Amino acid sequence: MFNIPFFRRTSETFGLDIGSSAVKVVQLHGSSLVALGVASLPPDVIAEGTIKDPPTVVDAIKEAVARASVNVKEAAIGVSGRELIIKKVQIPEVPAKEVHDVVMLEAEHHIPFAIDEVFIDHHTLGRSGGQMDVILVAVKKSKVNEYMAVVDQAGFNPLIVDVDGFALGNQWELNFPSEVREAVALIDIGAAIMKTNVVRGGATIFARDIPFGGNNYTQAIAQRLNISFQQAEDAKLGKDVGVKWETLVPPLEAISRELSLEVQRTFDYFASTAESERIGKIVLAGGCAQLPGLNEYLASNWGIPVELARPFERIEVAPAYAEEAAAMAPALAVAVGLGLRRSGDKEQPK
């Protein structure tokens with residue numbers, strides 16, 4: 001996504017999703033899954049998208065890559081969170097070679113950071129009436145460098161830096177290429193950050209990260225039942241830790257209501273920026289998406305069909321990974337989207 005100057009070209013990369021609760025590795029050859037590995041991270045190692053304990057993250061990257069038996073060094077990574085700005089802006093229609101300069105000028109009005117502190121990229125959505133609709137993306141250089149550093153220290157080359165929400169769109173476009181008529185909201189509910197990407201016709205028309213995720217559920221369970229965070233996490237995942245499921249229902253329902261309201265606010269904001277645009281379907285990804293009954297609850301609240309992400313719908317999965325890929329599918333959507341990236345594949349004419 002970001003044109004960071006010292007990236008060199010290569011055709012072979014693997015997807016490296018460094019999340020708040022786990023590191024996930026996916027390697028694809030064409031439309032075949034050839035490597036898959038996951039390593040968990042303790043709570044608070046990554047908080048609010050910031051790496052607080054780099055050595056632990058480095059070890060988790062090494063562990064996930066080793067489990068996957070990845071045979072290349074170049075990785076595609078993603079960023080998300082508060083130091084990432086994604087906005088749809090309008091600029092005057094100009095020749096393609098001038099778009100970059102005009103976007104840079106426009107960016108100063110929309111980015112709450114000094115321009116020299118951020119990497120900036122853009123994607124042109126369309127042109128009409130002498131205007132161009134452009135998706136503007138900016139992320140603080142310090143954040144990108146922080147994530148690149150742990151990948152480098154683990155012995156790999158962070159060749160591509162994408163946005164987690166856009167990676168969701170990559171895997172959706174591959175797996176459901178015919179669903180282009182209506183807007184679809186792709187929502188990845190991670191441990192700490194909820195990534196939203198509204199796509200139509202193979203393009204992002206709205207994207208936003210929300211500081212809300214699966215940890216909200218775990219903390220609510222821990223507080224309600226007066227148990228440790230880890231025990232609450234295990235109970236949430238259905239493990240037998242001496243906690244009855246019935247006791248989890250009240251805190252789970254309370255947080256699901258909060259989650260529903262957070263997303264509704266995002267949809268309302270989207271509606272205010274998109275003329276006559278209507279979301280026809282919601283697709284949930286991320287580990288939290290598999291909470292029992294969550295998609296049915298959200299569908300009834302929003303009055304819109306809600307389904308779980310199927311990132312391997314059109315990807316051939318090697319038998320060795322079939323069981324893990326099936327069990328974790330929604331949680332692997334971002335990693336699959338990153339695994340689809342290749343150097344130079346998103347470049348626009350200058």
# chains A, B, ... in the order shown; residues from 1 in each chain; ligands from 1
>>> residues_around(residues="stretch 121-124 of chain A", least_positions_apart="5", cutoff="6 Å", atoms="only C-alpha atoms", output="ChimeraX atom specification")
/A:2,134-137
>>> write_last_selection(atoms="all heavy atoms", output="mmCIF file, in the first residue's frame")
data_model
loop_
_atom_site.group_PDB
_atom_site.id
_atom_site.type_symbol
_atom_site.label_atom_id
_atom_site.label_comp_id
_atom_site.auth_asym_id
_atom_site.auth_seq_id
_atom_site.Cartn_x
_atom_site.Cartn_y
_atom_site.Cartn_z
ATOM 1 N N PHE A 2 1.847 1.267 0.914
ATOM 2 C CA PHE A 2 2.663 2.465 1.036
ATOM 3 C C PHE A 2 3.919 2.346 0.192
ATOM 4 O O PHE A 2 4.593 1.323 0.201
ATOM 5 C CB PHE A 2 3.017 2.723 2.505
ATOM 6 C CG PHE A 2 1.796 3.001 3.328
ATOM 7 C CD1 PHE A 2 1.231 2.006 4.095
ATOM 8 C CD2 PHE A 2 1.181 4.227 3.274
ATOM 9 C CE1 PHE A 2 0.083 2.239 4.819
ATOM 10 C CE2 PHE A 2 0.024 4.469 3.996
ATOM 11 C CZ PHE A 2 -0.519 3.474 4.773
ATOM 12 N N VAL A 134 -11.240 10.238 -4.244
ATOM 13 C CA VAL A 134 -9.978 9.580 -3.907
ATOM 14 C C VAL A 134 -10.042 9.073 -2.464
ATOM 15 O O VAL A 134 -10.546 9.760 -1.573
ATOM 16 C CB VAL A 134 -8.794 10.567 -4.055
ATOM 17 C CG1 VAL A 134 -7.493 9.951 -3.570
ATOM 18 C CG2 VAL A 134 -8.653 11.019 -5.501
ATOM 19 N N ILE A 135 -9.574 7.840 -2.240
ATOM 20 C CA ILE A 135 -9.369 7.352 -0.879
ATOM 21 C C ILE A 135 -7.951 7.746 -0.468
ATOM 22 O O ILE A 135 -6.981 7.352 -1.107
ATOM 23 C CB ILE A 135 -9.537 5.823 -0.782
ATOM 24 C CG1 ILE A 135 -11.002 5.419 -0.979
ATOM 25 C CG2 ILE A 135 -9.026 5.306 0.563
ATOM 26 C CD1 ILE A 135 -11.890 5.595 0.223
ATOM 27 N N LEU A 136 -7.860 8.560 0.580
ATOM 28 C CA LEU A 136 -6.579 9.037 1.094
ATOM 29 C C LEU A 136 -6.204 8.196 2.318
ATOM 30 O O LEU A 136 -7.026 7.983 3.217
ATOM 31 C CB LEU A 136 -6.719 10.509 1.485
ATOM 32 C CG LEU A 136 -5.572 11.159 2.260
ATOM 33 C CD1 LEU A 136 -4.348 11.282 1.370
ATOM 34 C CD2 LEU A 136 -5.996 12.532 2.777
ATOM 35 N N VAL A 137 -4.982 7.685 2.335
ATOM 36 C CA VAL A 137 -4.509 6.862 3.452
ATOM 37 C C VAL A 137 -3.218 7.460 3.982
ATOM 38 O O VAL A 137 -2.299 7.761 3.215
ATOM 39 C CB VAL A 137 -4.247 5.404 3.005
ATOM 40 C CG1 VAL A 137 -3.870 4.542 4.201
ATOM 41 C CG2 VAL A 137 -5.455 4.828 2.292
#
>>> select_by_dssp(residues="stretch 1-79 of chain A", states="alpha helix (DSSP H)", output="PyMOL selection string")
chain A and resi 54-68
>>> write_last_selection(atoms="all heavy atoms", output="CSV table (one decimal), in the first residue's frame")
chain,number,residue,atom,x,y,z
A,54,PRO,N,8.5,-5.6,22.1
A,54,PRO,CA,9.0,-6.1,20.9
A,54,PRO,C,9.6,-7.5,20.9
A,54,PRO,O,9.3,-8.3,20.0
A,54,PRO,CB,10.0,-5.0,20.4
A,54,PRO,CG,9.5,-3.8,21.1
A,54,PRO,CD,9.0,-4.2,22.4
A,55,PRO,N,10.5,-7.9,21.9
A,55,PRO,CA,11.1,-9.2,21.9
A,55,PRO,C,10.0,-10.3,21.9
A,55,PRO,O,10.2,-11.4,21.2
A,55,PRO,CB,11.9,-9.2,23.2
A,55,PRO,CG,12.2,-7.8,23.4
A,55,PRO,CD,11.0,-7.0,23.0
A,56,THR,N,8.9,-10.2,22.6
A,56,THR,CA,7.9,-11.2,22.6
A,56,THR,C,7.2,-11.3,21.2
A,56,THR,O,6.9,-12.4,20.8
A,56,THR,CB,6.8,-10.9,23.7
A,56,THR,OG1,7.5,-10.9,25.0
A,56,THR,CG2,5.7,-11.9,23.7
A,57,VAL,N,7.0,-10.2,20.6
A,57,VAL,CA,6.4,-10.2,19.2
A,57,VAL,C,7.4,-10.9,18.3
A,57,VAL,O,7.0,-11.7,17.4
A,57,VAL,CB,6.0,-8.8,18.8
A,57,VAL,CG1,5.5,-8.8,17.3
A,57,VAL,CG2,5.0,-8.2,19.7
A,58,VAL,N,8.7,-10.6,18.4
A,58,VAL,CA,9.7,-11.2,17.5
A,58,VAL,C,9.7,-12.7,17.6
A,58,VAL,O,9.7,-13.4,16.7
A,58,VAL,CB,11.1,-10.6,17.8
A,58,VAL,CG1,12.2,-11.4,17.1
A,58,VAL,CG2,11.2,-9.1,17.4
A,59,ASP,N,9.6,-13.2,18.9
A,59,ASP,CA,9.6,-14.6,19.1
A,59,ASP,C,8.3,-15.2,18.5
A,59,ASP,O,8.4,-16.4,18.0
A,59,ASP,CB,9.6,-14.9,20.6
A,59,ASP,CG,11.0,-14.6,21.2
A,59,ASP,OD1,12.0,-14.5,20.5
A,59,ASP,OD2,11.1,-14.5,22.5
A,60,ALA,N,7.2,-14.5,18.7
A,60,ALA,CA,5.9,-15.1,18.1
A,60,ALA,C,6.0,-15.1,16.6
A,60,ALA,O,5.4,-16.1,16.0
A,60,ALA,CB,4.7,-14.2,18.6
A,61,ILE,N,6.6,-14.1,16.0
A,61,ILE,CA,6.7,-14.2,14.5
A,61,ILE,C,7.6,-15.4,14.1
A,61,ILE,O,7.2,-16.2,13.2
A,61,ILE,CB,7.4,-12.9,14.0
A,61,ILE,CG1,6.4,-11.7,14.2
A,61,ILE,CG2,7.7,-13.0,12.5
A,61,ILE,CD1,7.1,-10.3,13.9
A,62,LYS,N,8.7,-15.6,14.8
A,62,LYS,CA,9.5,-16.7,14.5
A,62,LYS,C,8.8,-18.1,14.6
A,62,LYS,O,8.9,-19.0,13.8
A,62,LYS,CB,10.8,-16.7,15.4
A,62,LYS,CG,11.8,-15.6,15.1
A,62,LYS,CD,12.9,-15.7,16.1
A,62,LYS,CE,14.0,-14.6,15.9
A,62,LYS,NZ,15.0,-14.7,16.9
A,63,GLU,N,8.0,-18.1,15.7
A,63,GLU,CA,7.3,-19.4,16.0
A,63,GLU,C,6.2,-19.6,15.0
A,63,GLU,O,6.1,-20.8,14.5
A,63,GLU,CB,6.6,-19.2,17.4
A,63,GLU,CG,5.8,-20.5,17.9
A,63,GLU,CD,5.1,-20.3,19.2
A,63,GLU,OE1,5.5,-19.3,19.9
A,63,GLU,OE2,4.2,-21.0,19.5
A,64,ALA,N,5.4,-18.6,14.6
A,64,ALA,CA,4.4,-18.8,13.6
A,64,ALA,C,5.0,-19.2,12.2
A,64,ALA,O,4.4,-20.0,11.5
A,64,ALA,CB,3.6,-17.5,13.5
A,65,VAL,N,6.1,-18.5,11.9
A,65,VAL,CA,6.7,-18.9,10.6
A,65,VAL,C,7.2,-20.3,10.6
A,65,VAL,O,7.1,-21.0,9.6
A,65,VAL,CB,7.8,-17.8,10.2
A,65,VAL,CG1,8.6,-18.3,9.0
A,65,VAL,CG2,7.2,-16.5,10.0
A,66,ALA,N,7.8,-20.7,11.7
A,66,ALA,CA,8.4,-22.0,11.8
A,66,ALA,C,7.2,-23.1,11.7
A,66,ALA,O,7.4,-24.1,11.1
A,66,ALA,CB,9.1,-22.2,13.2
A,67,ARG,N,6.1,-22.8,12.4
A,67,ARG,CA,5.0,-23.7,12.3
A,67,ARG,C,4.5,-23.8,10.9
A,67,ARG,O,4.0,-24.9,10.5
A,67,ARG,CB,3.9,-23.3,13.3
A,67,ARG,CG,4.2,-23.5,14.7
A,67,ARG,CD,3.1,-23.0,15.6
A,67,ARG,NE,3.4,-23.3,17.0
A,67,ARG,CZ,2.6,-22.9,18.1
A,67,ARG,NH1,1.5,-22.2,17.9
A,67,ARG,NH2,3.0,-23.3,19.3
A,68,ALA,N,4.5,-22.7,10.2
A,68,ALA,CA,4.0,-22.7,8.8
A,68,ALA,C,5.0,-23.3,7.8
A,68,ALA,O,4.6,-23.7,6.7
A,68,ALA,CB,3.7,-21.3,8.4
>>> closest_atom_pairs(of="stretch 265-301 of chain A", to="stretch 211-221 of chain A", cutoff="12 Å", atoms="only C-alpha atoms", output="JSON lines")
{"residue": "A:Ala285", "atom": "CA", "partner": "A:Gly213", "partner_atom": "CA", "distance": 11.5}
{"residue": "A:Gly286", "atom": "CA", "partner": "A:Gly214", "partner_atom": "CA", "distance": 9.0}
{"residue": "A:Gly287", "atom": "CA", "partner": "A:Gly214", "partner_atom": "CA", "distance": 7.7}
{"residue": "A:Cys288", "atom": "CA", "partner": "A:Gly214", "partner_atom": "CA", "distance": 5.4}
{"residue": "A:Ala289", "atom": "CA", "partner": "A:Gly214", "partner_atom": "CA", "distance": 8.8}
{"residue": "A:Gln290", "atom": "CA", "partner": "A:Gly214", "partner_atom": "CA", "distance": 10.5}
{"residue": "A:Leu291", "atom": "CA", "partner": "A:Gly214", "partner_atom": "CA", "distance": 9.4}
{"residue": "A:Leu294", "atom": "CA", "partner": "A:Gly214", "partner_atom": "CA", "distance": 11.9}
>>> select_by_dssp(residues="stretch 98-279 of chain A", states="strand (DSSP E)", output="ChimeraX atom specification")
/A:118-128,131-140,157-163,183-189,194-200,203-210,279
>>> write_last_selection(atoms="C-alpha atoms", output="tab-separated table (two decimals), in the first residue's frame")
chain	number	residue	atom	x	y	z
A	118	VAL	CA	3.42	10.20	7.86
A	119	PHE	CA	3.50	7.89	4.87
A	120	ILE	CA	0.72	8.86	2.44
A	121	ASP	CA	-0.90	6.83	-0.31
A	122	HIS	CA	-4.10	7.13	-2.30
A	123	HIS	CA	-6.46	5.22	-4.55
A	124	THR	CA	-8.67	6.86	-7.17
A	125	LEU	CA	-12.31	5.71	-6.98
A	126	GLY	CA	-13.80	7.57	-9.92
A	127	ARG	CA	-14.23	10.82	-11.84
A	128	SER	CA	-17.34	12.89	-12.49
A	131	GLN	CA	-13.98	16.10	-9.71
A	132	MET	CA	-12.13	12.97	-8.62
A	133	ASP	CA	-13.11	10.81	-5.64
A	134	VAL	CA	-9.98	9.58	-3.91
A	135	ILE	CA	-9.37	7.35	-0.88
A	136	LEU	CA	-6.58	9.04	1.09
A	137	VAL	CA	-4.51	6.86	3.45
A	138	ALA	CA	-1.95	8.15	5.92
A	139	VAL	CA	-0.12	6.37	8.73
A	140	LYS	CA	2.55	7.64	11.08
A	157	ASN	CA	11.98	-8.59	5.04
A	158	PRO	CA	8.78	-6.51	5.44
A	159	LEU	CA	8.46	-5.92	1.71
A	160	ILE	CA	4.85	-4.66	1.64
A	161	VAL	CA	3.00	-2.57	4.22
A	162	ASP	CA	-0.77	-2.67	3.70
A	163	VAL	CA	-3.78	-1.74	5.83
A	183	ALA	CA	-22.13	-2.35	-0.88
A	184	VAL	CA	-20.83	-5.00	1.52
A	185	ALA	CA	-19.43	-4.11	4.96
A	186	LEU	CA	-16.46	-6.27	5.88
A	187	ILE	CA	-15.85	-6.12	9.64
A	188	ASP	CA	-12.88	-7.79	11.30
A	189	ILE	CA	-13.36	-7.93	15.08
A	194	MET	CA	-12.41	-3.56	14.87
A	195	LYS	CA	-11.54	-2.93	11.22
A	196	THR	CA	-14.38	-1.88	8.88
A	197	ASN	CA	-14.12	-1.78	5.09
A	198	VAL	CA	-17.19	-1.08	2.96
A	199	VAL	CA	-16.59	-2.34	-0.58
A	200	ARG	CA	-18.55	-2.19	-3.82
A	203	ALA	CA	-13.22	-0.98	-4.51
A	204	THR	CA	-13.20	0.42	-0.99
A	205	ILE	CA	-15.74	3.22	-0.63
A	206	PHE	CA	-15.39	3.69	3.13
A	207	ALA	CA	-13.00	2.38	5.79
A	208	ARG	CA	-12.62	2.99	9.49
A	209	ASP	CA	-10.89	1.39	12.50
A	210	ILE	CA	-12.71	1.31	15.84
A	279	ILE	CA	-25.12	-1.55	2.86
>>> atom_distance(atom1="atom CA of A:Pro305", atom2="atom CA of A:Phe166")
21.6 Å
>>> residues_around(residues="A:Ser178", least_positions_apart="4", cutoff="12 Å", atoms="only C-alpha atoms", output="PyMOL selection string")
chain A and resi 172-174+182+200-202
>>> atom_distance(atom1="atom CA of A:Gln223", atom2="atom CA of A:Ser300")
27.6 Å
>>> closest_residue(among="A:His110, A:Lys143, A:His29, A:Arg342", to="A:Thr50", atoms="only C-alpha atoms")
A:Lys143
>>> closest_residue(among="A:Ser80, A:Gln153, A:Gln230, A:Asn145", to="A:Leu41", atoms="only C-alpha atoms")
A:Gln230
>>> closest_atom_pairs(of="stretch 245-340 of chain A", to="stretch 8-27 of chain A", cutoff="12 Å", atoms="only C-alpha atoms", output="JSON lines")
{"residue": "A:Gly286", "atom": "CA", "partner": "A:Gly19", "partner_atom": "CA", "distance": 9.9}
{"residue": "A:Gly287", "atom": "CA", "partner": "A:Ser21", "partner_atom": "CA", "distance": 9.3}
{"residue": "A:Cys288", "atom": "CA", "partner": "A:Ser21", "partner_atom": "CA", "distance": 11.0}
{"residue": "A:Pro311", "atom": "CA", "partner": "A:Val26", "partner_atom": "CA", "distance": 11.4}
{"residue": "A:Phe312", "atom": "CA", "partner": "A:Val26", "partner_atom": "CA", "distance": 11.4}
{"residue": "A:Ile315", "atom": "CA", "partner": "A:Gln27", "partner_atom": "CA", "distance": 11.4}
{"residue": "A:Glu316", "atom": "CA", "partner": "A:Gln27", "partner_atom": "CA", "distance": 12.0}
{"residue": "A:Val317", "atom": "CA", "partner": "A:Gln27", "partner_atom": "CA", "distance": 10.9}
{"residue": "A:Ala318", "atom": "CA", "partner": "A:Gln27", "partner_atom": "CA", "distance": 11.3}
{"residue": "A:Tyr321", "atom": "CA", "partner": "A:Val26", "partner_atom": "CA", "distance": 10.6}
{"residue": "A:Glu324", "atom": "CA", "partner": "A:Lys24", "partner_atom": "CA", "distance": 11.9}
{"residue": "A:Ala325", "atom": "CA", "partner": "A:Val26", "partner_atom": "CA", "distance": 10.1}
{"residue": "A:Met328", "atom": "CA", "partner": "A:Lys24", "partner_atom": "CA", "distance": 10.6}
{"residue": "A:Ala329", "atom": "CA", "partner": "A:Lys24", "partner_atom": "CA", "distance": 11.6}
{"residue": "A:Ala331", "atom": "CA", "partner": "A:Lys24", "partner_atom": "CA", "distance": 9.0}
{"residue": "A:Leu332", "atom": "CA", "partner": "A:Lys24", "partner_atom": "CA", "distance": 7.2}
{"residue": "A:Ala333", "atom": "CA", "partner": "A:Asp17", "partner_atom": "CA", "distance": 9.5}
{"residue": "A:Val334", "atom": "CA", "partner": "A:Asp17", "partner_atom": "CA", "distance": 6.6}
{"residue": "A:Ala335", "atom": "CA", "partner": "A:Asp17", "partner_atom": "CA", "distance": 5.1}
{"residue": "A:Val336", "atom": "CA", "partner": "A:Val26", "partner_atom": "CA", "distance": 6.0}
{"residue": "A:Gly337", "atom": "CA", "partner": "A:Gly15", "partner_atom": "CA", "distance": 7.4}
{"residue": "A:Leu338", "atom": "CA", "partner": "A:Gly15", "partner_atom": "CA", "distance": 4.4}
{"residue": "A:Gly339", "atom": "CA", "partner": "A:Gly15", "partner_atom": "CA", "distance": 3.7}
{"residue": "A:Leu340", "atom": "CA", "partner": "A:Gly15", "partner_atom": "CA", "distance": 7.3}
>>> residues_around(residues="A:Pro292", least_positions_apart="5", cutoff="10 Å", atoms="only C-alpha atoms", output="number ranges by chain")
A: 236-238, 252, 297
>>> write_last_selection(atoms="C-alpha atoms", output="compact mmCIF listing (two decimals), in the first residue's frame")
# COMPACT_ATOMS: atom_id res chain seq x y z
CA LYS A 236 -15.09 -17.19 26.23
CA LEU A 237 -13.48 -19.63 23.81
CA GLY A 238 -15.50 -22.51 25.26
CA LEU A 252 -21.49 -11.29 26.55
CA TYR A 297 -27.84 -11.02 17.21
